[in-house]
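start-v2.cif follows; it contains mmCIF, C-alpha atoms.
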data_input
#
loop_
_atom_site.group_PDB
_atom_site.id
_atom_site.type_symbol
_atom_site.label_atom_id
_atom_site.label_comp_id
_atom_site.auth_asym_id
_atom_site.auth_seq_id
_atom_site.Cartn_x
_atom_site.Cartn_y
_atom_site.Cartn_z
ATOM 1 C CA MET M 1455 -5.638 4.937 56.415
ATOM 2 C CA SER M 1456 -7.185 7.779 54.375
ATOM 3 C CA PHE M 1457 -7.205 9.241 50.896
ATOM 4 C CA ARG M 1458 -6.698 12.389 48.887
ATOM 5 C CA VAL M 1459 -8.626 12.656 45.614
ATOM 6 C CA THR M 1460 -7.104 14.390 42.626
ATOM 7 C CA ILE M 1461 -8.839 14.973 39.301
ATOM 8 C CA ILE M 1462 -6.572 16.162 36.543
ATOM 9 C CA VAL M 1463 -7.990 17.407 33.275
ATOM 10 C CA LEU M 1464 -5.299 17.915 30.670
ATOM 11 C CA LEU M 1465 -6.181 20.870 28.402
ATOM 12 C CA THR M 1466 -4.502 24.101 27.189
ATOM 13 C CA GLN M 1467 -3.289 25.572 30.430
ATOM 14 C CA LEU M 1468 -2.510 24.681 34.004
ATOM 15 C CA CYS M 1469 -4.789 26.005 36.684
ATOM 16 C CA VAL M 1470 -5.783 25.041 40.207
ATOM 17 C CA VAL M 1471 -9.413 25.556 41.145
ATOM 18 C CA ALA M 1472 -11.361 25.099 44.339
ATOM 19 C CA VAL M 1473 -13.495 22.012 44.727
ATOM 20 C CA THR M 1474 -16.348 21.355 47.072
ATOM 21 C CA SER M 1475 -16.172 18.090 48.950
ATOM 22 C CA SER M 1476 -16.514 17.702 52.690
ATOM 23 C CA ASP M 1477 -14.509 14.488 52.558
ATOM 24 C CA VAL M 1478 -11.477 15.864 50.739
ATOM 25 C CA ASN M 1479 -9.002 18.275 52.212
ATOM 26 C CA CYS M 1480 -7.395 19.281 48.904
ATOM 27 C CA MET M 1481 -7.926 18.629 45.181
ATOM 28 C CA SER M 1482 -6.050 19.977 42.177
ATOM 29 C CA LEU M 1483 -7.472 20.489 38.686
ATOM 30 C CA THR M 1484 -5.205 21.072 35.707
ATOM 31 C CA HIS M 1485 -6.021 21.124 32.047
ATOM 32 C CA GLU M 1486 -4.038 21.037 28.820
ATOM 33 C CA VAL M 1487 -4.814 20.191 25.184
ATOM 34 C CA LYS M 1488 -2.107 18.121 23.575
ATOM 35 C CA ASP M 1489 -1.571 19.468 20.074
ATOM 36 C CA GLN M 1490 0.568 17.526 17.603
ATOM 37 C CA GLU M 1491 0.493 18.487 13.933
ATOM 38 C CA TYR M 1492 -3.235 18.574 13.092
ATOM 39 C CA LYS M 1493 -4.213 16.247 15.940
ATOM 40 C CA LYS M 1494 -5.396 17.153 19.399
ATOM 41 C CA SER M 1495 -6.367 15.091 22.417
ATOM 42 C CA LEU M 1496 -8.210 15.780 25.647
ATOM 43 C CA ALA M 1497 -6.988 13.705 28.581
ATOM 44 C CA ILE M 1498 -8.974 13.535 31.805
ATOM 45 C CA GLU M 1499 -7.300 11.940 34.808
ATOM 46 C CA CYS M 1500 -8.848 11.093 38.158
ATOM 47 C CA ARG M 1501 -6.428 10.125 40.931
ATOM 48 C CA VAL M 1502 -6.796 9.106 44.568
ATOM 49 C CA GLU M 1503 -3.963 8.987 47.116
ATOM 50 C CA ALA M 1504 -3.700 8.225 50.811
ATOM 51 C CA CYS M 1505 -4.361 11.188 53.073
ATOM 52 C CA TYR M 1506 -5.397 11.920 56.641
ATOM 53 C CA GLU M 1507 -8.875 13.294 55.977
ATOM 54 C CA ILE M 1508 -10.564 9.942 55.342
ATOM 55 C CA ASN M 1509 -9.860 7.206 57.863
ATOM 56 C CA TYR M 1510 -10.037 3.460 57.352
ATOM 57 C CA PHE M 1511 -11.472 3.480 53.783
ATOM 58 C CA ASN M 1512 -8.349 1.952 52.291
ATOM 59 C CA ILE M 1513 -9.800 -0.226 49.493
ATOM 60 C CA ILE M 1514 -10.594 1.276 46.072
ATOM 61 C CA ARG M 1515 -13.585 -0.480 44.523
ATOM 62 C CA TYR M 1516 -13.714 1.569 41.322
ATOM 63 C CA ILE M 1517 -12.933 4.918 39.720
ATOM 64 C CA GLU M 1518 -15.390 6.339 37.191
ATOM 65 C CA ILE M 1519 -15.352 9.405 34.960
ATOM 66 C CA SER M 1520 -18.587 10.616 33.384
ATOM 67 C CA SER M 1521 -19.929 13.708 31.657
ATOM 68 C CA ASP M 1522 -23.295 15.430 31.848
ATOM 69 C CA PHE M 1523 -23.787 14.972 28.089
ATOM 70 C CA ALA M 1524 -22.331 11.527 27.288
ATOM 71 C CA GLY M 1525 -22.704 9.527 30.472
ATOM 72 C CA VAL M 1526 -19.854 7.265 31.584
ATOM 73 C CA VAL M 1527 -16.733 7.842 29.467
ATOM 74 C CA GLY M 1528 -14.381 5.634 31.464
ATOM 75 C CA ARG M 1529 -14.316 3.286 34.442
ATOM 76 C CA ILE M 1530 -11.759 1.049 36.113
ATOM 77 C CA GLU M 1531 -12.707 -1.754 38.487
ATOM 78 C CA LYS M 1532 -10.401 -4.528 39.681
ATOM 79 C CA ASN M 1533 -7.694 -3.030 37.447
ATOM 80 C CA VAL M 1534 -9.840 -3.543 34.316
ATOM 81 C CA PRO M 1535 -10.532 -0.269 32.442
ATOM 82 C CA THR M 1536 -13.556 0.138 30.152
ATOM 83 C CA GLY M 1537 -14.770 3.179 28.258
ATOM 84 C CA ILE M 1538 -16.289 4.797 25.216
ATOM 85 C CA LYS M 1539 -15.242 3.931 21.689
ATOM 86 C CA ASP M 1540 -12.126 5.668 20.324
ATOM 87 C CA ALA M 1541 -10.951 6.661 23.813
ATOM 88 C CA VAL M 1542 -7.662 5.405 25.258
ATOM 89 C CA LEU M 1543 -7.866 4.346 28.899
ATOM 90 C CA THR M 1544 -5.087 3.719 31.390
ATOM 91 C CA GLY M 1545 -5.278 3.240 35.115
ATOM 92 C CA SER M 1546 -4.840 1.040 38.151
ATOM 93 C CA THR M 1547 -6.491 0.391 41.487
ATOM 94 C CA SER M 1548 -4.704 -1.102 44.461
ATOM 95 C CA ASP M 1549 -6.232 -2.411 47.656
ATOM 96 C CA THR M 1550 -4.530 0.348 49.599
ATOM 97 C CA MET M 1551 -2.902 3.698 49.155
ATOM 98 C CA SER M 1552 -3.569 4.913 45.588
ATOM 99 C CA GLY M 1553 -5.181 4.509 42.187
ATOM 100 C CA PHE M 1554 -5.993 6.475 39.044
ATOM 101 C CA LEU M 1555 -7.975 6.487 35.819
ATOM 102 C CA LYS M 1556 -6.999 8.447 32.724
ATOM 103 C CA VAL M 1557 -9.262 8.862 29.690
ATOM 104 C CA GLU M 1558 -7.764 10.323 26.517
ATOM 105 C CA ILE M 1559 -10.248 11.529 23.899
ATOM 106 C CA ALA M 1560 -8.777 11.929 20.422
ATOM 107 C CA ASN M 1561 -9.701 14.918 18.258
ATOM 108 C CA PRO M 1562 -12.024 16.626 20.757
ATOM 109 C CA THR M 1563 -14.408 19.382 19.634
ATOM 110 C CA VAL M 1564 -16.734 21.843 21.337
ATOM 111 C CA GLU M 1565 -19.192 18.966 21.678
ATOM 112 C CA ASP M 1566 -16.844 17.509 24.323
ATOM 113 C CA ALA M 1567 -17.128 20.659 26.462
ATOM 114 C CA GLY M 1568 -19.184 20.575 29.642
ATOM 115 C CA GLN M 1569 -19.121 19.168 33.153
ATOM 116 C CA TYR M 1570 -17.151 16.034 33.959
ATOM 117 C CA THR M 1571 -17.610 14.098 37.189
ATOM 118 C CA CYS M 1572 -15.205 11.766 38.928
ATOM 119 C CA LEU M 1573 -16.741 9.179 41.245
ATOM 120 C CA ILE M 1574 -14.519 7.010 43.424
ATOM 121 C CA GLY M 1575 -15.906 4.077 45.372
ATOM 122 C CA LEU M 1576 -14.060 3.240 48.605
ATOM 123 C CA GLN M 1577 -14.455 0.488 51.186
ATOM 124 C CA ASP M 1578 -12.995 -0.292 54.584
ATOM 125 C CA LEU M 1579 -11.824 -3.669 55.854
ATOM 126 C CA TYR M 1580 -15.284 -4.418 57.288
ATOM 127 C CA GLY M 1581 -17.141 -3.866 54.022
ATOM 128 C CA LYS M 1582 -18.447 -0.394 54.779
ATOM 129 C CA LYS M 1583 -18.594 1.684 51.599
ATOM 130 C CA LYS M 1584 -18.100 5.358 50.864
ATOM 131 C CA ASP M 1585 -18.119 7.374 47.619
ATOM 132 C CA LEU M 1586 -16.085 10.457 46.769
ATOM 133 C CA GLN M 1587 -17.218 12.832 44.048
ATOM 134 C CA ALA M 1588 -15.782 15.894 42.342
ATOM 135 C CA ASN M 1589 -16.752 17.928 39.294
ATOM 136 C CA ILE M 1590 -14.897 19.989 36.728
ATOM 137 C CA VAL M 1591 -16.001 22.025 33.730
ATOM 138 C CA VAL M 1592 -14.224 21.988 30.372
ATOM 139 C CA ASP M 1593 -14.996 25.272 28.647
ATOM 140 C CA ALA M 1594 -15.999 25.262 24.983
ATOM 141 C CA SER M 1595 -13.616 28.154 24.276
ATOM 142 C CA GLU M 1596 -10.683 25.844 24.923
ATOM 143 C CA LEU M 1597 -11.737 23.214 22.379
ATOM 144 C CA PRO M 1598 -11.652 23.468 18.572
ATOM 145 C CA SER M 1599 -14.715 23.761 16.358
ATOM 146 C CA LYS M 1600 -16.101 20.856 14.355
ATOM 147 C CA ASP M 1601 -14.379 21.946 11.128
ATOM 148 C CA TYR M 1602 -10.956 22.427 12.767
ATOM 149 C CA TYR M 1603 -9.568 19.034 11.766
ATOM 150 C CA GLN M 1604 -10.960 19.202 8.243
ATOM 151 C CA THR M 1605 -9.274 22.586 7.773
ATOM 152 C CA LYS M 1606 -5.979 21.210 9.077
ATOM 153 C CA VAL M 1607 -6.139 18.212 6.745
ATOM 154 C CA CYS M 1608 -6.975 20.439 3.787
ATOM 155 C CA ASN M 1609 -4.047 22.719 4.596
ATOM 156 C CA LYS M 1610 -1.706 19.727 4.799
ATOM 157 C CA THR M 1611 -3.090 18.402 1.509
ATOM 158 C CA ASP M 1612 -2.486 21.785 -0.127
ATOM 159 C CA GLU M 1613 1.098 21.717 1.150
ATOM 160 C CA TYR M 1614 1.834 18.466 -0.674
ATOM 161 C CA LYS M 1615 -0.404 19.112 -3.683
ATOM 162 C CA PRO M 1616 2.428 20.242 -6.038
ATOM 163 C CA GLN M 1617 4.387 17.025 -5.363
ATOM 164 C CA TYR M 1618 1.216 14.962 -5.700
ATOM 165 C CA ASP M 1619 0.309 16.582 -9.022
ATOM 166 C CA LYS M 1620 3.822 15.982 -10.322
ATOM 167 C CA CYS M 1621 3.713 12.332 -9.260
ATOM 168 C CA LYS M 1622 0.253 11.902 -10.763
ATOM 169 C CA LEU M 1623 1.421 13.408 -14.064
ATOM 170 C CA TYR M 1624 4.431 11.057 -14.094
ATOM 171 C CA ARG M 1625 2.262 7.997 -13.439
ATOM 172 C CA GLN M 1626 -0.213 9.104 -16.085
ATOM 173 C CA GLY M 1627 2.680 9.154 -18.546
ATOM 174 C CA LEU M 1628 3.547 5.559 -17.632
ATOM 175 C CA VAL M 1629 -0.085 4.521 -18.061
ATOM 176 C CA ASP M 1630 -0.150 6.036 -21.548
ATOM 177 C CA LEU M 1631 3.148 4.316 -22.347
ATOM 178 C CA PHE M 1632 2.198 0.772 -21.315
ATOM 179 C CA PHE M 1633 -1.588 0.535 -21.571
ATOM 180 C CA GLN M 1634 -4.016 0.964 -24.453
ATOM 181 C CA LYS M 1635 -7.481 0.685 -22.911
ATOM 182 C CA THR M 1636 -9.254 0.881 -19.561
ATOM 183 C CA LYS M 1637 -12.608 -0.433 -18.422
ATOM 184 C CA SER M 1638 -14.657 0.014 -15.272
ATOM 185 C CA TYR M 1639 -16.652 -2.849 -13.816
ATOM 186 C CA ASN M 1640 -18.230 -3.395 -10.418
ATOM 187 C CA GLY M 1641 -16.334 -0.521 -8.779
ATOM 188 C CA ARG M 1642 -12.947 -1.560 -10.184
ATOM 189 C CA THR M 1643 -10.765 -0.374 -13.047
ATOM 190 C CA TYR M 1644 -9.023 -2.664 -15.539
ATOM 191 C CA TYR M 1645 -6.080 -1.841 -17.818
ATOM 192 C CA LEU M 1646 -5.196 -3.697 -21.029
ATOM 193 C CA SER M 1647 -1.517 -3.517 -21.983
ATOM 194 C CA LYS M 1648 -0.270 -2.219 -25.320
ATOM 195 C CA GLY M 1649 2.510 -4.747 -25.738
ATOM 196 C CA PRO M 1650 2.542 -8.532 -25.315
ATOM 197 C CA PHE M 1651 3.491 -10.121 -22.036
ATOM 198 C CA LEU M 1652 7.015 -11.522 -21.706
ATOM 199 C CA ASN M 1653 6.247 -13.501 -18.553
ATOM 200 C CA ASP M 1654 3.790 -13.454 -15.686
ATOM 201 C CA GLU M 1655 6.217 -11.911 -13.168
ATOM 202 C CA GLU M 1656 7.034 -8.920 -15.373
ATOM 203 C CA SER M 1657 3.379 -8.388 -16.205
ATOM 204 C CA ASP M 1658 2.431 -8.329 -12.531
ATOM 205 C CA LEU M 1659 5.252 -5.844 -11.874
ATOM 206 C CA LEU M 1660 3.999 -3.504 -14.600
ATOM 207 C CA CYS M 1661 0.522 -3.707 -13.089
ATOM 208 C CA GLN M 1662 1.918 -2.039 -9.981
ATOM 209 C CA ILE M 1663 2.342 1.150 -12.038
ATOM 210 C CA VAL M 1664 -1.416 1.651 -11.799
ATOM 211 C CA GLY M 1665 -1.545 0.392 -8.218
ATOM 212 C CA GLY M 1666 -2.896 -2.973 -9.265
ATOM 213 C CA TYR M 1667 -2.115 -6.595 -10.084
ATOM 214 C CA LEU M 1668 -2.830 -9.187 -12.768
ATOM 215 C CA VAL M 1669 -6.589 -9.446 -12.978
ATOM 216 C CA GLU M 1670 -8.113 -12.097 -10.720
ATOM 217 C CA VAL M 1671 -11.253 -13.285 -12.518
ATOM 218 C CA ASP M 1672 -13.667 -14.311 -9.758
ATOM 219 C CA ASP M 1673 -16.953 -14.959 -11.544
ATOM 220 C CA GLU M 1674 -18.808 -15.007 -14.854
ATOM 221 C CA GLY M 1675 -19.621 -11.295 -14.738
ATOM 222 C CA GLU M 1676 -15.971 -10.326 -14.414
ATOM 223 C CA PHE M 1677 -15.017 -12.871 -17.090
ATOM 224 C CA ASN M 1678 -17.507 -11.343 -19.547
ATOM 225 C CA ALA M 1679 -16.254 -7.827 -18.748
ATOM 226 C CA MET M 1680 -12.692 -8.896 -19.577
ATOM 227 C CA VAL M 1681 -13.857 -10.483 -22.842
ATOM 228 C CA GLU M 1682 -15.490 -7.158 -23.766
ATOM 229 C CA LEU M 1683 -12.255 -5.293 -22.987
ATOM 230 C CA ILE M 1684 -10.256 -7.705 -25.160
ATOM 231 C CA LYS M 1685 -12.726 -7.403 -28.045
ATOM 232 C CA GLU M 1686 -12.739 -3.596 -27.846
ATOM 233 C CA ALA M 1687 -8.971 -3.667 -28.371
ATOM 234 C CA LYS M 1688 -9.373 -6.173 -31.239
ATOM 235 C CA ALA M 1689 -7.029 -8.564 -29.438
ATOM 236 C CA THR M 1690 -7.260 -12.361 -29.525
ATOM 237 C CA GLY M 1691 -6.822 -12.871 -25.816
ATOM 238 C CA SER M 1692 -4.999 -11.759 -22.686
ATOM 239 C CA LEU M 1693 -2.913 -13.077 -19.814
ATOM 240 C CA ILE M 1694 -4.785 -13.141 -16.483
ATOM 241 C CA SER M 1695 -3.811 -14.189 -12.968
ATOM 242 C CA GLY M 1696 -3.636 -17.918 -12.296
ATOM 243 C CA THR M 1697 -0.933 -20.570 -11.958
ATOM 244 C CA ASP M 1698 -0.774 -24.276 -11.126
ATOM 245 C CA ALA M 1699 3.035 -24.390 -11.029
ATOM 246 C CA GLU M 1700 3.097 -25.735 -7.457
ATOM 247 C CA LYS M 1701 0.473 -28.441 -7.937
ATOM 248 C CA GLU M 1702 -1.045 -29.522 -11.243
ATOM 249 C CA ARG M 1703 -4.745 -28.634 -11.639
ATOM 250 C CA THR M 1704 -4.694 -26.566 -8.411
ATOM 251 C CA TRP M 1705 -4.875 -22.993 -9.687
ATOM 252 C CA LEU M 1706 -3.827 -20.112 -7.438
ATOM 253 C CA TYR M 1707 -3.951 -16.356 -7.987
ATOM 254 C CA HIS M 1708 -0.502 -14.743 -8.273
ATOM 255 C CA ARG M 1709 -0.990 -11.968 -5.716
ATOM 256 C CA SER M 1710 -3.286 -13.380 -3.038
ATOM 257 C CA GLU M 1711 -2.246 -17.031 -3.576
ATOM 258 C CA LYS M 1712 -5.879 -17.966 -2.964
ATOM 259 C CA GLU M 1713 -7.233 -20.996 -4.779
ATOM 260 C CA MET M 1714 -9.335 -20.152 -7.817
ATOM 261 C CA THR M 1715 -12.946 -21.305 -7.843
ATOM 262 C CA TYR M 1716 -14.239 -19.917 -11.153
ATOM 263 C CA PHE M 1717 -13.199 -21.407 -14.517
ATOM 264 C CA ASN M 1718 -14.510 -21.125 -18.060
ATOM 265 C CA TRP M 1719 -12.261 -23.531 -19.947
ATOM 266 C CA LEU M 1720 -11.917 -23.605 -23.703
ATOM 267 C CA LYS M 1721 -11.791 -27.339 -24.403
ATOM 268 C CA PRO M 1722 -9.573 -29.357 -24.406
ATOM 269 C CA ALA M 1723 -7.931 -27.037 -21.862
ATOM 270 C CA PRO M 1724 -6.463 -27.426 -19.402
ATOM 271 C CA ASP M 1725 -4.180 -29.953 -21.075
ATOM 272 C CA ASN M 1726 -0.744 -28.878 -19.704
ATOM 273 C CA LEU M 1727 0.928 -29.375 -23.081
ATOM 274 C CA GLN M 1728 4.491 -30.720 -22.706
ATOM 275 C CA GLY M 1729 4.029 -30.434 -18.939
ATOM 276 C CA LYS M 1730 4.925 -26.716 -19.028
ATOM 277 C CA GLU M 1731 1.620 -24.839 -19.225
ATOM 278 C CA ASN M 1732 1.275 -23.294 -15.780
ATOM 279 C CA CYS M 1733 -0.219 -19.871 -16.601
ATOM 280 C CA LEU M 1734 -3.677 -18.748 -17.643
ATOM 281 C CA VAL M 1735 -5.113 -16.683 -20.503
ATOM 282 C CA ILE M 1736 -8.509 -15.737 -21.851
ATOM 283 C CA TRP M 1737 -8.466 -16.909 -25.477
ATOM 284 C CA ILE M 1738 -10.662 -16.009 -28.460
ATOM 285 C CA LYS M 1739 -10.296 -18.590 -31.218
ATOM 286 C CA GLU M 1740 -10.705 -18.001 -34.939
ATOM 287 C CA ASP M 1741 -14.137 -19.631 -34.774
ATOM 288 C CA TYR M 1742 -15.003 -17.075 -32.053
ATOM 289 C CA ALA M 1743 -15.078 -19.690 -29.311
ATOM 290 C CA ILE M 1744 -14.096 -17.988 -26.060
ATOM 291 C CA GLY M 1745 -12.697 -19.410 -22.836
ATOM 292 C CA MET M 1746 -9.700 -19.933 -20.575
ATOM 293 C CA ASN M 1747 -6.598 -21.765 -21.715
ATOM 294 C CA ASP M 1748 -3.425 -22.849 -19.950
ATOM 295 C CA VAL M 1749 -0.176 -21.571 -21.510
ATOM 296 C CA ILE M 1750 3.565 -21.509 -20.863
ATOM 297 C CA CYS M 1751 4.362 -18.647 -18.501
ATOM 298 C CA HIS M 1752 7.539 -17.521 -20.296
ATOM 299 C CA SER M 1753 6.402 -17.934 -23.884
ATOM 300 C CA ASN M 1754 3.922 -15.830 -25.869
ATOM 301 C CA PRO M 1755 3.932 -16.831 -29.559
ATOM 302 C CA PHE M 1756 0.535 -15.194 -30.167
ATOM 303 C CA LYS M 1757 1.665 -11.819 -28.719
ATOM 304 C CA LEU M 1758 -1.165 -11.636 -26.215
ATOM 305 C CA PRO M 1759 -1.403 -8.586 -23.918
ATOM 306 C CA PHE M 1760 -2.173 -8.731 -20.196
ATOM 307 C CA ILE M 1761 -4.866 -7.145 -18.024
ATOM 308 C CA CYS M 1762 -4.306 -5.339 -14.718
ATOM 309 C CA GLU M 1763 -6.946 -4.863 -12.038
ATOM 310 C CA THR M 1764 -7.183 -2.085 -9.461
ATOM 311 C CA GLU M 1765 -9.562 -2.224 -6.534
ATOM 312 C CA GLU M 1766 -10.539 1.422 -6.971
ATOM 313 C CA SER M 1767 -10.075 4.080 -9.613
ATOM 314 C CA TYR M 1768 -6.765 5.928 -9.282
ATOM 315 C CA GLY M 1769 -7.856 8.586 -11.763
ATOM 316 C CA TYR M 1770 -5.684 7.289 -14.585
ATOM 317 C CA ALA M 1771 -7.149 6.592 -18.004
ATOM 318 C CA THR M 1772 -5.763 5.951 -21.456
ATOM 319 C CA SER M 1773 -6.662 8.139 -24.399
ATOM 320 C CA ASP M 1774 -8.975 5.348 -25.580
ATOM 321 C CA ALA M 1775 -10.638 4.837 -22.200
ATOM 322 C CA SER M 1776 -14.067 3.288 -22.250
#

C-alpha cells encoding of this file:
Amino acid sequence: MSFRVTIIVLLTQLCVVAVTSSDVNCMSLTHEVKDQEYKKSLAIECRVEACYEINYFNIIRYIEISSDFAGVVGRIEKNVPTGIKDAVLTGSTSDTMSGFLKVEIANPTVEDAGQYTCLIGLQDLYGKKKDLQANIVVDASELPSKDYYQTKVCNKTDEYKPQYDKCKLYRQGLVDLFFQKTKSYNGRTYYLSKGPFLNDEESDLLCQIVGGYLVEVDDEGEFNAMVELIKEAKATGSLISGTDAEKERTWLYHRSEKEMTYFNWLKPAPDNLQGKENCLVIWIKEDYAIGMNDVICHSNPFKLPFICETEESYGYATSDAS
C-alpha cells in the first residue's frame, strides 16, 4: 500500500506547480481566495491518497500544516483537529488509504503571505515511521492589505448612511416627544419621561424607543443618580423596574427577571396596601424623605413619570439633557 500527497492552497487562481519530494510521484498545488461581500478567506488543504510510490506505509499518524512566520497553524491526529485561534479546521485520518486537513483563515492579509509546509506522518504495520513534506508559497500580491477590510466596511456603512440618518432622525423625534431629561452615569444613559406612567408594561415598551428598559437600580450609586435626575425635573418620584407579583416580598426586575438585591425603602414600605402593590417607585415625600415605595402597577394617582435605562449611549438626547 502506498500514498500520494496533495497540498491544495485555495487562493485567487488555479495553478499546478512542481514540488520536490523523492517520495512523491505527483503533487498538485492550487490556490484561490474566497471573496464574499467584504469578507475573504484563505483555505489551505493538505491531502494524502494511496499511490504506488510509497509501499507499506498505510497508516496516517498525523497531518500538520505550518508556516515559516506563525508556526503550526493546523494539525489533525487521530481524527482530532487543532489549530490557531479564529481558524476553521476540517479533516480526517483513516488507518489506510487517505486523509486530509483543511485550514481556513478568515480575513487574511499580506501578513499571512509566505511559505507554508505540510508534514504528514506515516507508519507501516510493524511500527516503522516515515514523514512526507512539501512546501508552497503564498505570494503577498494575492492577499489584501491591512486596511482592505476597514475600507470595505466604511464603504458599506456609507451605502446605508442615508437610511441610518433618516432612522436616527425619526427616533430622535420620538425621544423629544416622550422624554424630558437624560442623564449619564457609569457608562449608561437614563431617560426620564415627560408624561406619567399608565402601567409598567407600557412604560417598558416606550423604553424600547431608546433601545432600553425600565431602569434596574442595582446599588446606592445608581439610586442616588436617579434621585438627582428626578430632582432636576422637579418631579416627586418615578416608576422603576421591580415587581413582586409572582411572590410577595420577592422582587424581580421586569426585563432580566433577576432577583433584586438592593433596596432603599421609605418606611413603612413595602406594605402591599390592599394586597395590590406589586410595582416599585422612587418617592420623594413632602418632608423631603426619599426612598423606594411599592405601588399599584396600573394606577398612578400622583402622575409619576418613569425612567428608562440604556446600556450605552445611542446618541439621543433631549433638549434639556444634562

(request) With a distance cut-off of 6 Å and all atoms listed in the file, select the neighbouring residues of segment 1517-1530 of chain M, excluding the residue or stretch itself and same-chain residues fewer than 6 positions from it, and output the selection as number ranges by chain. (result) M: 1536-1538, 1569-1574

(message) Taking (-12.6, -15.5, -26.3) as a centre in this file's frame and 10 Å as the limit, can you find every polymer residue with an atom that close, using only C-alpha atoms, and give them as a ChimeraX atom specification?
(response) /M:1677-1678,1680-1682,1684-1685,1689-1692,1720,1735-1747

Those residues with C-alpha atoms, as a PDB file, keeping the file's coordinate frame please?
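Output saved as part-v7.pdb:
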ATOM      1  CA  PHE M1677     -15.017 -12.871 -17.090  1.00  0.00           C
ATOM      2  CA  ASN M1678     -17.507 -11.343 -19.547  1.00  0.00           C
ATOM      3  CA  MET M1680     -12.692  -8.896 -19.577  1.00  0.00           C
ATOM      4  CA  VAL M1681     -13.857 -10.483 -22.842  1.00  0.00           C
ATOM      5  CA  GLU M1682     -15.490  -7.158 -23.766  1.00  0.00           C
ATOM      6  CA  ILE M1684     -10.256  -7.705 -25.160  1.00  0.00           C
ATOM      7  CA  LYS M1685     -12.726  -7.403 -28.045  1.00  0.00           C
ATOM      8  CA  ALA M1689      -7.029  -8.564 -29.438  1.00  0.00           C
ATOM      9  CA  THR M1690      -7.260 -12.361 -29.525  1.00  0.00           C
ATOM     10  CA  GLY M1691      -6.822 -12.871 -25.816  1.00  0.00           C
ATOM     11  CA  SER M1692      -4.999 -11.759 -22.686  1.00  0.00           C
ATOM     12  CA  LEU M1720     -11.917 -23.605 -23.703  1.00  0.00           C
ATOM     13  CA  VAL M1735      -5.113 -16.683 -20.503  1.00  0.00           C
ATOM     14  CA  ILE M1736      -8.509 -15.737 -21.851  1.00  0.00           C
ATOM     15  CA  TRP M1737      -8.466 -16.909 -25.477  1.00  0.00           C
ATOM     16  CA  ILE M1738     -10.662 -16.009 -28.460  1.00  0.00           C
ATOM     17  CA  LYS M1739     -10.296 -18.590 -31.218  1.00  0.00           C
ATOM     18  CA  GLU M1740     -10.705 -18.001 -34.939  1.00  0.00           C
ATOM     19  CA  ASP M1741     -14.137 -19.631 -34.774  1.00  0.00           C
ATOM     20  CA  TYR M1742     -15.003 -17.075 -32.053  1.00  0.00           C
ATOM     21  CA  ALA M1743     -15.078 -19.690 -29.311  1.00  0.00           C
ATOM     22  CA  ILE M1744     -14.096 -17.988 -26.060  1.00  0.00           C
ATOM     23  CA  GLY M1745     -12.697 -19.410 -22.836  1.00  0.00           C
ATOM     24  CA  MET M1746      -9.700 -19.933 -20.575  1.00  0.00           C
ATOM     25  CA  ASN M1747      -6.598 -21.765 -21.715  1.00  0.00           C
TER      26      ASN M1747
END

(message) One number please: atom CA of Asn1732 of chain M to atom CA of Gly1665 of chain M, in Å, one decimal.
(response)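 Atom CA of Gly1665 of chain M lies 25.0 Å from atom CA of Asn1732 of chain M.
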
(message) Counting only C-alpha atoms, which residue out of M:Ile1514, M:Glu1676, M:Gly1696, M:Val1487 sits closest to Asp1658 of chain M?
(response)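 Of M:Ile1514, M:Glu1676, M:Gly1696, M:Val1487, the one nearest Asp1658 of chain M is M:Gly1696, counting only C-alpha atoms.
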
(message) Calculated over all atoms listed in the file, which of the candidates M:Ser1599, M:Phe1632, M:Asp1593, M:Glu1700 has the smallest distance to Phe1651 of chain M?
(response)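 For Phe1651 of chain M, the nearest of the candidates is M:Phe1632.
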
(request) Evaluate the PyMOL selection byres ((chain M and resi 1702-1705) around 9) here and jot the selected residues down as a list in words. (result) Gly1696, Thr1697, Asp1698, Ala1699, Glu1700, Lys1701, Leu1706, Tyr1707, Glu1711, Lys1712, Glu1713, Met1714, Thr1715, Pro1724, Asn1726, Asn1732 and Cys1733 of chain M

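Against this structure, the PyMOL selection byres ((chain M and resi 1594) around 9) ends up with Thr1563, Val1564, Glu1565, Asp1566, Ala1567, Gly1568, Val1592, Asp1593, Ser1595, Glu1596, Leu1597, Pro1598 and Ser1599 of chain M.
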
(request) Go ahead and compute the interatomic distance for atom CA of Leu1693 of chain M and atom CA of Leu1623 of chain M, in Å to one decimal. (result)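 These two atoms are separated by 27.4 Å.
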